[in-house]
Every structure is written in C-alpha cells, then in structure tokens.
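Q: So I've got this file, entry-v4.pdb, and it contains PDB, C-alpha atoms and all ligand atoms:
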```pdb
ATOM      1  CA  ALA L   1       0.000   0.000   0.000
ATOM      2  CA  GLY L   2       2.937   2.359   0.753
ATOM      3  CA  VAL L   3       4.325   2.119  -2.766
ATOM      4  CA  ARG L   4       0.914   2.466  -4.337
ATOM      5  CA  LEU L   5       0.191   5.477  -2.155
ATOM      6  CA  ALA L   6       3.493   7.055  -3.218
ATOM      7  CA  ARG L   7       2.636   6.449  -6.881
ATOM      8  CA  ALA L   8      -0.834   7.849  -6.424
ATOM      9  CA  LEU L   9       0.669  10.955  -4.833
ATOM     10  CA  ALA L  10       3.194  11.336  -7.662
ATOM     11  CA  ARG L  11       0.426  11.012 -10.224
ATOM     12  CA  ALA L  12      -1.542  13.720  -8.455
ATOM     13  CA  ASP L  13      -0.868  16.637 -10.763
ATOM     14  CA  ASP L  14      -1.013  19.463  -8.263
ATOM     15  CA  ASP L  15      -0.894  20.361  -4.596
ATOM     16  CA  GLU L  16      -4.634  20.618  -4.434
ATOM     17  CA  ARG L  17      -5.153  17.071  -5.571
ATOM     18  CA  GLN L  18      -2.496  15.822  -3.162
ATOM     19  CA  ALA L  19      -4.274  17.577  -0.310
ATOM     20  CA  PHE L  20      -7.562  16.055  -1.518
ATOM     21  CA  LEU L  21      -6.027  12.561  -1.531
ATOM     22  CA  ARG L  22      -4.357  12.992   1.853
ATOM     23  CA  ASP L  23      -7.534  14.386   3.448
ATOM     24  CA  THR L  24      -9.655  11.622   1.903
ATOM     25  CA  LEU L  25      -7.399   8.831   3.158
ATOM     26  CA  ALA L  26      -7.169  10.423   6.618
ATOM     27  CA  GLY L  27     -10.932  10.935   6.738
ATOM     28  CA  LEU L  28     -11.582   7.286   5.899
ATOM     29  CA  SER L  29      -9.129   6.132   8.593
ATOM     30  CA  THR L  30     -10.944   7.518  11.660
ATOM     31  CA  PRO L  31     -13.654   5.618  13.594
ATOM     32  CA  GLN L  32     -16.307   8.080  12.326
ATOM     33  CA  LYS L  33     -15.367   8.392   8.657
ATOM     34  CA  THR L  34     -15.413  12.048   7.585
ATOM     35  CA  PHE L  35     -14.915  14.202   4.493
ATOM     36  CA  SER L  36     -14.468  17.973   4.398
ATOM     37  CA  PRO L  37     -17.384  19.770   2.688
ATOM     38  CA  LYS L  38     -14.916  21.898   0.735
ATOM     39  CA  TYR L  39     -14.451  18.924  -1.597
ATOM     40  CA  PHE L  40     -18.098  19.036  -2.706
ATOM     41  CA  TYR L  41     -17.317  21.853  -5.110
ATOM     42  CA  ASP L  42     -15.945  20.428  -8.334
ATOM     43  CA  GLY L  43     -17.710  21.683 -11.478
ATOM     44  CA  ALA L  44     -20.624  19.281 -11.050
ATOM     45  CA  GLY L  45     -20.855  19.938  -7.314
ATOM     46  CA  SER L  46     -20.938  23.714  -7.779
ATOM     47  CA  ALA L  47     -23.736  23.287 -10.361
ATOM     48  CA  LEU L  48     -25.638  20.951  -7.997
ATOM     49  CA  PHE L  49     -25.332  23.516  -5.205
ATOM     50  CA  GLU L  50     -26.855  26.146  -7.516
ATOM     51  CA  ALA L  51     -29.676  23.664  -8.222
ATOM     52  CA  ILE L  52     -30.219  23.140  -4.461
ATOM     53  CA  CYS L  53     -30.748  26.894  -4.158
ATOM     54  CA  GLU L  54     -33.653  26.584  -6.638
ATOM     55  CA  THR L  55     -35.468  23.845  -4.684
ATOM     56  CA  PRO L  56     -38.550  24.951  -2.743
ATOM     57  CA  GLU L  57     -37.166  23.470   0.499
ATOM     58  CA  TYR L  58     -33.760  25.192   0.541
ATOM     59  CA  TYR L  59     -34.755  28.584   1.970
ATOM     60  CA  PRO L  60     -31.339  30.090   2.952
ATOM     61  CA  THR L  61     -30.318  31.503  -0.424
ATOM     62  CA  ARG L  62     -33.586  33.192  -1.315
ATOM     63  CA  THR L  63     -34.123  34.392   2.257
ATOM     64  CA  GLU L  64     -30.672  35.926   2.507
ATOM     65  CA  THR L  65     -30.999  37.456  -0.956
ATOM     66  CA  GLY L  66     -34.266  39.127   0.056
ATOM     67  CA  LEU L  67     -32.700  40.405   3.266
ATOM     68  CA  LEU L  68     -29.608  41.743   1.459
ATOM     69  CA  HIS L  69     -31.877  43.530  -1.001
ATOM     70  CA  THR L  70     -33.588  45.312   1.904
ATOM     71  CA  ILE L  71     -30.424  46.215   3.823
ATOM     72  CA  ALA L  72     -28.089  46.977   0.885
ATOM     73  CA  PRO L  73     -28.334  50.764   1.470
ATOM     74  CA  ALA L  74     -27.293  50.339   5.126
ATOM     75  CA  LEU L  75     -24.396  48.055   4.154
ATOM     76  CA  ALA L  76     -23.307  50.473   1.410
ATOM     77  CA  ALA L  77     -23.220  53.303   3.942
ATOM     78  CA  ALA L  78     -20.845  51.288   6.155
ATOM     79  CA  ILE L  79     -18.427  50.485   3.274
ATOM     80  CA  PRO L  80     -15.697  53.059   2.433
ATOM     81  CA  ASP L  81     -16.084  54.541  -1.069
ATOM     82  CA  ASP L  82     -12.860  53.152  -2.526
ATOM     83  CA  ALA L  83     -13.022  49.787  -0.731
ATOM     84  CA  VAL L  84     -12.085  46.428  -2.171
ATOM     85  CA  LEU L  85     -14.904  43.925  -1.674
ATOM     86  CA  LEU L  86     -13.373  40.515  -0.896
ATOM     87  CA  GLU L  87     -15.838  37.615  -0.975
ATOM     88  CA  LEU L  88     -15.035  34.249   0.637
ATOM     89  CA  GLY L  89     -16.528  31.245  -1.170
ATOM     90  CA  SER L  90     -18.103  33.412  -3.849
ATOM     91  CA  GLY L  91     -19.525  30.614  -6.021
ATOM     92  CA  ALA L  92     -21.876  32.146  -8.602
ATOM     93  CA  SER L  93     -21.565  35.632  -6.991
ATOM     94  CA  ASP L  94     -25.321  36.227  -7.398
ATOM     95  CA  LYS L  95     -25.824  37.936  -4.006
ATOM     96  CA  THR L  96     -22.799  40.138  -4.579
ATOM     97  CA  ARG L  97     -24.679  42.044  -7.268
ATOM     98  CA  LEU L  98     -26.877  43.556  -4.563
ATOM     99  CA  LEU L  99     -23.782  45.110  -2.943
ATOM    100  CA  LEU L 100     -22.183  46.095  -6.264
ATOM    101  CA  ASP L 101     -25.418  47.847  -7.272
ATOM    102  CA  ALA L 102     -25.688  49.632  -3.918
ATOM    103  CA  LYS L 103     -22.016  50.707  -3.899
ATOM    104  CA  PRO L 104     -20.902  51.675  -7.423
ATOM    105  CA  SER L 105     -17.782  53.454  -6.069
ATOM    106  CA  LEU L 106     -16.025  50.196  -5.053
ATOM    107  CA  ALA L 107     -12.390  50.031  -6.206
ATOM    108  CA  ALA L 108     -12.492  46.314  -6.980
ATOM    109  CA  TYR L 109     -14.235  43.021  -6.377
ATOM    110  CA  VAL L 110     -12.111  40.018  -5.382
ATOM    111  CA  PRO L 111     -14.100  36.766  -5.450
ATOM    112  CA  VAL L 112     -12.254  33.895  -3.733
ATOM    113  CA  ASP L 113     -13.457  30.348  -4.399
ATOM    114  CA  ILE L 114     -12.056  26.824  -4.348
ATOM    115  CA  SER L 115     -13.867  25.968  -7.611
ATOM    116  CA  PRO L 116     -12.195  27.364 -10.763
ATOM    117  CA  ASP L 117     -15.315  26.502 -12.787
ATOM    118  CA  ALA L 118     -17.675  28.463 -10.547
ATOM    119  CA  LEU L 119     -15.228  31.377 -10.347
ATOM    120  CA  GLN L 120     -14.655  31.619 -14.087
ATOM    121  CA  GLY L 121     -18.358  31.634 -14.952
ATOM    122  CA  ALA L 122     -19.100  34.214 -12.271
ATOM    123  CA  ALA L 123     -16.230  36.494 -13.347
ATOM    124  CA  GLU L 124     -17.379  36.409 -16.994
ATOM    125  CA  ARG L 125     -20.973  37.268 -16.112
ATOM    126  CA  LEU L 126     -19.943  40.058 -13.726
ATOM    127  CA  ARG L 127     -17.477  41.582 -16.199
ATOM    128  CA  SER L 128     -20.221  42.029 -18.754
ATOM    129  CA  ALA L 129     -22.700  43.346 -16.166
ATOM    130  CA  TYR L 130     -20.159  45.731 -14.491
ATOM    131  CA  PRO L 131     -17.737  46.727 -17.290
ATOM    132  CA  SER L 132     -16.061  49.506 -15.285
ATOM    133  CA  LEU L 133     -15.436  47.472 -12.105
ATOM    134  CA  ALA L 134     -12.036  45.813 -11.567
ATOM    135  CA  ILE L 135     -12.739  42.108 -10.972
ATOM    136  CA  VAL L 136      -9.803  40.059  -9.678
ATOM    137  CA  PRO L 137     -10.822  36.411  -9.148
ATOM    138  CA  VAL L 138      -8.645  34.267  -6.878
ATOM    139  CA  VAL L 139      -8.822  30.454  -6.978
ATOM    140  CA  ALA L 140      -7.984  29.491  -3.402
ATOM    141  CA  ASP L 141      -9.025  27.505  -0.359
ATOM    142  CA  PHE L 142      -9.677  30.432   1.979
ATOM    143  CA  THR L 143      -9.229  28.181   5.039
ATOM    144  CA  GLN L 144      -5.511  28.093   4.127
ATOM    145  CA  GLY L 145      -5.054  31.887   4.340
ATOM    146  CA  ILE L 146      -6.528  34.999   2.777
ATOM    147  CA  ASP L 147      -4.504  36.860   0.161
ATOM    148  CA  VAL L 148      -5.430  40.165  -1.393
ATOM    149  CA  PRO L 149      -3.722  40.703  -4.778
ATOM    150  CA  ASP L 150      -0.699  43.075  -4.490
ATOM    151  CA  ALA L 151      -2.207  45.529  -6.951
ATOM    152  CA  LEU L 152      -4.886  46.332  -4.367
ATOM    153  CA  ALA L 153      -2.548  46.851  -1.405
ATOM    154  CA  GLY L 154      -3.310  49.960   0.621
ATOM    155  CA  LYS L 155      -7.045  50.044  -0.134
ATOM    156  CA  PRO L 156      -9.571  49.397   2.631
ATOM    157  CA  VAL L 157     -10.924  45.855   2.332
ATOM    158  CA  VAL L 158     -14.436  44.820   3.268
ATOM    159  CA  ALA L 159     -14.881  41.073   3.535
ATOM    160  CA  PHE L 160     -18.186  39.447   2.564
ATOM    161  CA  PHE L 161     -19.031  35.897   3.660
ATOM    162  CA  PRO L 162     -22.680  35.208   2.829
ATOM    163  CA  GLY L 163     -24.630  31.963   2.578
ATOM    164  CA  SER L 164     -23.984  30.763   6.126
ATOM    165  CA  THR L 165     -20.877  28.989   4.894
ATOM    166  CA  ILE L 166     -19.476  29.962   8.333
ATOM    167  CA  GLY L 167     -21.849  27.238   9.596
ATOM    168  CA  ASN L 168     -19.749  24.569   7.866
ATOM    169  CA  PHE L 169     -17.035  25.031  10.492
ATOM    170  CA  GLU L 170     -16.774  23.724  14.028
ATOM    171  CA  PRO L 171     -17.100  26.690  16.408
ATOM    172  CA  HIS L 172     -13.340  26.782  17.158
ATOM    173  CA  GLU L 173     -12.563  26.696  13.420
ATOM    174  CA  ALA L 174     -15.098  29.455  12.749
ATOM    175  CA  VAL L 175     -13.399  31.591  15.422
ATOM    176  CA  ASP L 176      -9.949  30.906  13.898
ATOM    177  CA  LEU L 177     -11.216  31.842  10.437
ATOM    178  CA  MET L 178     -12.892  35.067  11.588
ATOM    179  CA  ARG L 179      -9.764  35.981  13.564
ATOM    180  CA  ALA L 180      -7.583  35.377  10.493
ATOM    181  CA  VAL L 181      -9.829  37.665   8.445
ATOM    182  CA  ARG L 182      -9.601  40.370  11.119
ATOM    183  CA  ARG L 183      -5.776  40.147  11.245
ATOM    184  CA  ARG L 184      -5.597  40.315   7.459
ATOM    185  CA  LEU L 185      -7.936  43.317   7.175
ATOM    186  CA  GLY L 186      -6.614  45.359  10.110
ATOM    187  CA  ALA L 187      -8.084  48.056  12.348
ATOM    188  CA  GLY L 188     -11.398  49.604  11.350
ATOM    189  CA  ALA L 189     -12.185  46.809   8.894
ATOM    190  CA  ARG L 190     -15.719  45.589   8.238
ATOM    191  CA  PHE L 191     -16.840  41.972   7.761
ATOM    192  CA  ILE L 192     -20.340  41.144   6.478
ATOM    193  CA  VAL L 193     -21.338  37.583   7.466
ATOM    194  CA  GLY L 194     -24.512  35.620   6.716
ATOM    195  CA  ALA L 195     -25.492  33.115   9.422
ATOM    196  CA  ASP L 196     -28.562  30.906   9.214
ATOM    197  CA  GLN L 197     -30.703  30.830  12.363
ATOM    198  CA  VAL L 198     -32.176  28.013  14.448
ATOM    199  CA  LYS L 199     -35.736  27.144  13.437
ATOM    200  CA  PRO L 200     -38.196  24.223  13.609
ATOM    201  CA  VAL L 201     -36.416  20.947  12.900
ATOM    202  CA  ASP L 202     -38.836  19.846  10.155
ATOM    203  CA  VAL L 203     -37.987  22.985   8.154
ATOM    204  CA  LEU L 204     -34.257  22.368   8.595
ATOM    205  CA  LEU L 205     -34.447  18.676   7.686
ATOM    206  CA  ALA L 206     -36.472  19.368   4.534
ATOM    207  CA  ALA L 207     -33.939  22.022   3.455
ATOM    208  CA  TYR L 208     -31.173  19.396   3.576
ATOM    209  CA  ASP L 209     -33.226  16.528   2.121
ATOM    210  CA  ASP L 210     -35.342  17.992  -0.691
ATOM    211  CA  ALA L 211     -38.039  15.856  -2.289
ATOM    212  CA  GLU L 212     -36.466  16.013  -5.733
ATOM    213  CA  GLY L 213     -33.207  14.517  -4.421
ATOM    214  CA  VAL L 214     -30.943  17.369  -5.519
ATOM    215  CA  THR L 215     -29.227  17.501  -2.115
ATOM    216  CA  ALA L 216     -28.804  13.711  -2.197
ATOM    217  CA  ALA L 217     -27.105  14.013  -5.601
ATOM    218  CA  PHE L 218     -24.893  16.843  -4.268
ATOM    219  CA  ASN L 219     -23.853  14.699  -1.300
ATOM    220  CA  ARG L 220     -23.169  11.583  -3.417
ATOM    221  CA  ASN L 221     -21.263  13.621  -6.012
ATOM    222  CA  VAL L 222     -18.257  13.738  -3.689
ATOM    223  CA  LEU L 223     -17.960   9.956  -4.185
ATOM    224  CA  VAL L 224     -18.154  10.410  -7.965
ATOM    225  CA  ARG L 225     -15.394  13.020  -7.697
ATOM    226  CA  ILE L 226     -13.192  10.786  -5.516
ATOM    227  CA  ASN L 227     -13.623   7.919  -7.981
ATOM    228  CA  ARG L 228     -12.625  10.122 -10.908
ATOM    229  CA  GLU L 229      -9.851  12.231  -9.386
ATOM    230  CA  LEU L 230      -8.328   9.795  -6.891
ATOM    231  CA  GLY L 231      -8.866   6.501  -8.696
ATOM    232  CA  ALA L 232     -11.276   5.050  -6.155
ATOM    233  CA  ASP L 233     -14.038   2.480  -6.642
ATOM    234  CA  PHE L 234     -16.948   3.728  -4.521
ATOM    235  CA  ASP L 235     -20.227   2.056  -5.536
ATOM    236  CA  VAL L 236     -22.082   5.374  -5.483
ATOM    237  CA  GLY L 237     -25.499   3.699  -5.543
ATOM    238  CA  ALA L 238     -24.677   1.783  -2.350
ATOM    239  CA  PHE L 239     -24.584   4.972  -0.251
ATOM    240  CA  GLU L 240     -27.732   6.730   0.946
ATOM    241  CA  HIS L 241     -28.043  10.452   1.649
ATOM    242  CA  ARG L 242     -28.910  11.236   5.274
ATOM    243  CA  ALA L 243     -29.657  14.604   6.886
ATOM    244  CA  VAL L 244     -29.725  14.570  10.703
ATOM    245  CA  TRP L 245     -30.383  17.314  13.282
ATOM    246  CA  ASN L 246     -27.752  17.277  16.058
ATOM    247  CA  ALA L 247     -29.532  19.249  18.801
ATOM    248  CA  ALA L 248     -26.578  19.246  21.217
ATOM    249  CA  LYS L 249     -24.397  20.966  18.598
ATOM    250  CA  SER L 250     -27.203  22.958  16.959
ATOM    251  CA  ARG L 251     -26.371  21.702  13.503
ATOM    252  CA  ILE L 252     -27.642  19.767  10.531
ATOM    253  CA  GLU L 253     -25.271  16.972   9.648
ATOM    254  CA  MET L 254     -25.104  15.307   6.275
ATOM    255  CA  HIS L 255     -23.913  11.753   6.037
ATOM    256  CA  LEU L 256     -23.512   9.099   3.348
ATOM    257  CA  GLU L 257     -24.731   5.801   4.763
ATOM    258  CA  SER L 258     -23.425   2.517   3.416
ATOM    259  CA  SER L 259     -26.496   0.404   2.668
ATOM    260  CA  VAL L 260     -24.491  -2.854   2.749
ATOM    261  CA  ALA L 261     -21.262  -4.207   4.206
ATOM    262  CA  GLN L 262     -18.662  -3.380   1.579
ATOM    263  CA  THR L 263     -15.011  -2.582   0.949
ATOM    264  CA  VAL L 264     -13.819   0.431  -1.008
ATOM    265  CA  THR L 265     -10.334   0.962  -2.444
ATOM    266  CA  VAL L 266      -8.797   4.453  -2.647
ATOM    267  CA  ALA L 267      -5.235   4.821  -3.992
ATOM    268  CA  GLY L 268      -4.503   1.181  -3.164
ATOM    269  CA  GLN L 269      -5.830   1.397   0.386
ATOM    270  CA  ARG L 270      -8.859  -0.643   1.370
ATOM    271  CA  PHE L 271     -11.555   0.688   3.694
ATOM    272  CA  ALA L 272     -14.274  -1.544   5.138
ATOM    273  CA  PHE L 273     -17.816  -0.328   5.761
ATOM    274  CA  GLU L 274     -20.391  -2.069   7.895
ATOM    275  CA  ALA L 275     -24.003  -1.916   6.724
ATOM    276  CA  GLY L 276     -25.410   1.328   8.144
ATOM    277  CA  GLU L 277     -22.000   2.897   8.751
ATOM    278  CA  THR L 278     -21.717   6.509   7.613
ATOM    279  CA  ILE L 279     -19.266   9.021   6.211
ATOM    280  CA  HIS L 280     -19.964  12.388   7.856
ATOM    281  CA  THR L 281     -19.764  14.818   4.936
ATOM    282  CA  GLU L 282     -20.972  18.185   6.257
ATOM    283  CA  ASN L 283     -22.048  20.246   9.250
ATOM    284  CA  SER L 284     -24.322  23.271   8.853
ATOM    285  CA  HIS L 285     -24.446  24.994  12.221
ATOM    286  CA  LYS L 286     -27.558  27.040  12.960
ATOM    287  CA  PHE L 287     -27.187  30.118  15.155
ATOM    288  CA  THR L 288     -29.148  32.448  17.387
ATOM    289  CA  PRO L 289     -28.254  36.139  17.338
ATOM    290  CA  GLU L 290     -26.576  35.550  20.720
ATOM    291  CA  SER L 291     -24.613  32.460  19.689
ATOM    292  CA  PHE L 292     -23.313  34.192  16.567
ATOM    293  CA  GLN L 293     -22.364  37.336  18.500
ATOM    294  CA  ALA L 294     -20.417  35.232  21.000
ATOM    295  CA  LEU L 295     -18.496  33.559  18.158
ATOM    296  CA  ALA L 296     -17.675  36.885  16.472
ATOM    297  CA  GLU L 297     -16.559  38.417  19.764
ATOM    298  CA  ARG L 298     -14.282  35.464  20.524
ATOM    299  CA  ALA L 299     -12.574  36.286  17.216
ATOM    300  CA  GLY L 300     -12.106  39.921  18.243
ATOM    301  CA  TRP L 301     -14.960  41.407  16.163
ATOM    302  CA  ALA L 302     -17.640  43.763  17.486
ATOM    303  CA  ILE L 303     -21.205  43.681  16.175
ATOM    304  CA  GLU L 304     -21.890  47.001  14.432
ATOM    305  CA  ALA L 305     -25.348  46.003  13.189
ATOM    306  CA  GLN L 306     -27.423  42.895  12.623
ATOM    307  CA  TRP L 307     -30.534  42.059  10.666
ATOM    308  CA  ILE L 308     -32.676  38.930  11.059
ATOM    309  CA  SER L 309     -35.229  38.159   8.344
ATOM    310  CA  ASP L 310     -38.848  37.249   9.009
ATOM    311  CA  THR L 311     -39.529  33.485   9.071
ATOM    312  CA  PRO L 312     -37.587  31.516   7.942
ATOM    313  CA  ALA L 313     -35.033  33.373  10.065
ATOM    314  CA  PHE L 314     -31.691  34.169   8.449
ATOM    315  CA  GLY L 315     -29.160  36.641   9.902
ATOM    316  CA  VAL L 316     -26.785  39.120   8.298
ATOM    317  CA  PHE L 317     -24.193  40.581  10.676
ATOM    318  CA  LEU L 318     -22.051  43.651  10.088
ATOM    319  CA  LEU L 319     -18.855  43.227  12.103
ATOM    320  CA  LYS L 320     -16.269  45.910  12.896
ATOM    321  CA  ALA L 321     -12.661  45.193  13.840
TER     322      ALA L 321
HETATM  323  C1  LIG T   1     -23.052  26.517   0.991
HETATM  324  C2  LIG T   1     -22.312  25.632   3.041
HETATM  325  C3  LIG T   1     -23.984  27.300   3.028
HETATM  326  O1  LIG T   1     -24.537  24.391   4.506
HETATM  327  O2  LIG T   1     -26.414  25.142   3.740
HETATM  328  C4  LIG T   1     -26.591  23.023   0.979
HETATM  329  C5  LIG T   1     -24.221  23.827   1.564
HETATM  330  N1  LIG T   1     -25.277  21.610   1.894
HETATM  331  N2  LIG T   1     -27.257  21.869   1.126
HETATM  332  C6  LIG T   1     -25.244  24.851   3.603
HETATM  333  C7  LIG T   1     -25.342  22.847   1.490
HETATM  334  C8  LIG T   1     -26.453  21.011   1.657
HETATM  335  C9  LIG T   1     -24.595  25.108   2.230
HETATM  336  N3  LIG T   1     -23.489  26.108   2.316
END
```
Please express what this file holds, its structure, as structure tokens.
Ligand code: AVJ
A:
Amino acid sequence: AGVRLARALARADDDERQAFLRDTLAGLSTPQKTFSPKYFYDGAGSALFEAICETPEYYPTRTETGLLHTIAPALAAAIPDDAVLLELGSGASDKTRLLLDAKPSLAAYVPVDISPDALQGAAERLRSAYPSLAIVPVVADFTQGIDVPDALAGKPVVAFFPGSTIGNFEPHEAVDLMRAVRRRLGAGARFIVGADQVKPVDVLLAAYDDAEGVTAAFNRNVLVRINRELGADFDVGAFEHRAVWNAAKSRIEMHLESSVAQTVTVAGQRFAFEAGETIHTENSHKFTPESFQALAERAGWAIEAQWISDTPAFGVFLLKA
C-alpha cells in the first residue's frame, strides 16, 4: 500500500489534488469516517449547489438574498467609497450584485473560491454586467489563508461571507477563520457575514433533504469526484443520503450511509464499511443572534449592526474590527 500510495501521490498533478487525496485517506481512517465539505465543489458539485438553491425546500439563499436587497443601502453606507470587496466562497456571486449595485464606487471586487469553474463563470458574467469594475478572481481555499492581490494593497478591504458557509465550520474553526480575516484586514475593517438561524427541525431537515433529491445528488457527487480524481471504486449507488439534526451541537449533519457491508479501495488502500456505517460529509451549524455574537466576539470582532429576516429566520451581521 505504501508504494501504491506514493505512486498515487506522484500522479496527483497538483498540490490541491495531493491535499484532496491525503484528506480523503485520513478521513476514511478515523472511527467516524469524515470528508471535508470543501471537496463538494468540483464543477458538477458547484452546479448541484446552484440547483439546491432553486429547490422549494432550501430557503437560505432566497431568504438571505431578500434580506440583502432590503439592507443593501445600510451596508453600502458602512463600506468606504474606494473599498475592495473581498468575498469568501463566492460561487456564482449572485448575491454580490446587490452590494455592487448599492455601492458603485467600489475600487475592486475580489471573489475567492475553491472551484475554478464556478469562479470563471461568475467572473465572466460580472465583467459584462459591471464593465467599469475591476474584478480580480482568486482560486484558493480560503481556510488556508486569505490573500489580497498586491495591486490592491493599501485600499480598505471589506470582507463578505454570505450563505452561512461559516456554519460549515466547528465553532473553534469558525473563530480561527474570523480571527484570520480580522488580522488580514486590520483596524477599522468591516466583515459582512450571513449566518442561518435556528428554526423548527422539520424545516431544517427538509432544506437538507429535498423531495427532488438534488441535495442527495450533491452529497453523493463527492464519491463520484473521488472515484474520478483519486482513482477510487466507490459504488455510489450503495450509499444513501442522510440529513440529521444534532440538537446538542445545533447543527444539521449530512452523512452518506453505506447500505451494505462493503469494501472500497482508494489509492490502493482498502476501507471496510459495515451496513449502516456513515461518512460524515458536512455540518451546517444554525445560530441564534446571541450564539453568533459570541463567536464573532471570541474572534475579536464587534457587532456594528445585525438584521434577522422574518420566518424563515436568516441573519446578516455587520462586524467591525
Ligand atoms: C453553501 C455551506 C452554506 O450548509 O447550507 C446546501 C451547503 N449543503 N445543502 C449549507 C449545502 C447542503 C450550504 N453552504
């Protein structure tokens, strides 16, 4: 297995794929098998996420978009005129348009995303919609550090992290990430964060297990990606999508449950599954205004303003360093 692992690593054509392989093997080697949700977003996964946002059950995107539409003037007033807008996990950049429209004086927009496909499509669409705005896309895993292109050094940076992607992180990781953003942006900086709110469990479960099965396809797609990119042999049809509410941790968990006892090979290493055993593929923490404030404050941010939508409740928080 050692030699085959070494060969698989050598074949991996870039650092990103090596990290993907290493993380996948490590995640399959722990008692509770786990994958990081950042690996959902290959081209197909990014498209499936956009399709999730169109399902009737998945309320966060349309709720946050409606809220941003309402509060865009207040956000624009808090953003310096010549600021660089830096978005973490920008995906299709649809919500960003609300800020770009409300703040035409922005110096530049820097979308940061792990998916080159999503980033490229978004940059093309935005360039034709905002021909006079400097758009500087950055393909990066923002959990590994936040870089602003040199050309924009010296400008005030406002960070934008919508979608409740912050909910993907364990609380201590969320604090580390928000602290890293604060250190990178410096004194007086602003950080606009979307954070989905606790609500009745049936609403949450439906949002992560839509009737059409789009979320199930999104969850299973990570197995398709691992098969293709890491030379694995997952029987994708032998894993069921599960969405579970973890009340103690205030989060929806997604799992892939092995429907039979089976063995899977990844880069020459074999991993046994019992029937009913799961791979934990994602956490989506749900917040209260108080729980989110506490997290932001632990990272050294102060709450400058906050807005919570009408039911289904979704929060947008304006943080000040
Ligand atoms: C993009 C991370 C915010 O957690 O709600 C959607 C991803 N997962 N349905 C979320 C997701 C399942 C989404 N985020």
Q: Could you name the residues that touch L:Lys320 at 10 Å or less, counting all atoms listed in the file, but leaving out those on the same chain fewer than 2 positions away, as number ranges by chain?
A: L: 78, 158, 182, 187-192, 296, 300-305, 317-318
Q: Got a sec to check which residues sit within 12 Å of (-14.4, 28.1, 16.7), counting only C-alpha atoms, and write them as number ranges by chain?
A: L: 166-180, 285, 291-292, 294-299
Q: If you apply the PyMOL selection byres (((chain L and resi 130-141) around 7) and not hetatm) to this file, what residues do you get, as a list of chain:residue names?
A: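 Matching residues under the PyMOL selection byres (((chain L and resi 130-141) around 7) and not hetatm) are L:Ala107, L:Ala108, L:Tyr109, L:Val110, L:Pro111, L:Val112, L:Asp113, L:Ile114, L:Ser115, L:Pro116, L:Leu119, L:Ala123, L:Leu126, L:Arg127, L:Ser128, L:Ala129, L:Phe142, L:Thr143, L:Gln144.
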Q: Hey, which of L:Cys53, L:Leu106, L:Val244, L:Val84 ends up closest to L:Val157? Count only C-alpha atoms.
A: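 Checking each candidate against L:Val157, we get L:Val84 as the closest.
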Q: Write out, as a Markdown table, each residue of chain L that has an atom at most 7 Å from ligand LIG 1 (chain T), together with the closest pair of atoms and their distance in Å to one decimal, counting only C-alpha atoms and all ligand atoms, rows going by chain and rising number.
A:
```
| residue | atom | partner | partner_atom | distance |
| --- | --- | --- | --- | --- |
| L:Phe49 | CA | T:LIG1 | C4 | 6.3 |
| L:Ile52 | CA | T:LIG1 | N2 | 6.5 |
| L:Gly163 | CA | T:LIG1 | C3 | 4.7 |
| L:Ser164 | CA | T:LIG1 | C3 | 4.6 |
| L:Thr165 | CA | T:LIG1 | C3 | 4.0 |
| L:Gly167 | CA | T:LIG1 | O1 | 6.4 |
| L:Asn168 | CA | T:LIG1 | C2 | 5.6 |
| L:Tyr208 | CA | T:LIG1 | N2 | 5.2 |
| L:Thr215 | CA | T:LIG1 | N2 | 5.8 |
| L:Asn283 | CA | T:LIG1 | O1 | 6.8 |
| L:Ser284 | CA | T:LIG1 | O1 | 4.5 |
```
Q: Just to confirm, what's the straight-line distance from atom CA of L:Leu88 to atom CA of L:Trp307 in Å (one decimal)?
A: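 About the pair atom CA of L:Leu88 and atom CA of L:Trp307: they are 20.0 Å apart.
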Q: What separation in Å, quoted to one decimal, exists between atom CA of L:Glu87 and atom CA of L:Ala159?
A: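 The value is 5.8 Å.
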Q: Between atom CA of L:Arg220 and atom CA of L:Ala238, what is the spacing in Å?
A: 10.0 Å
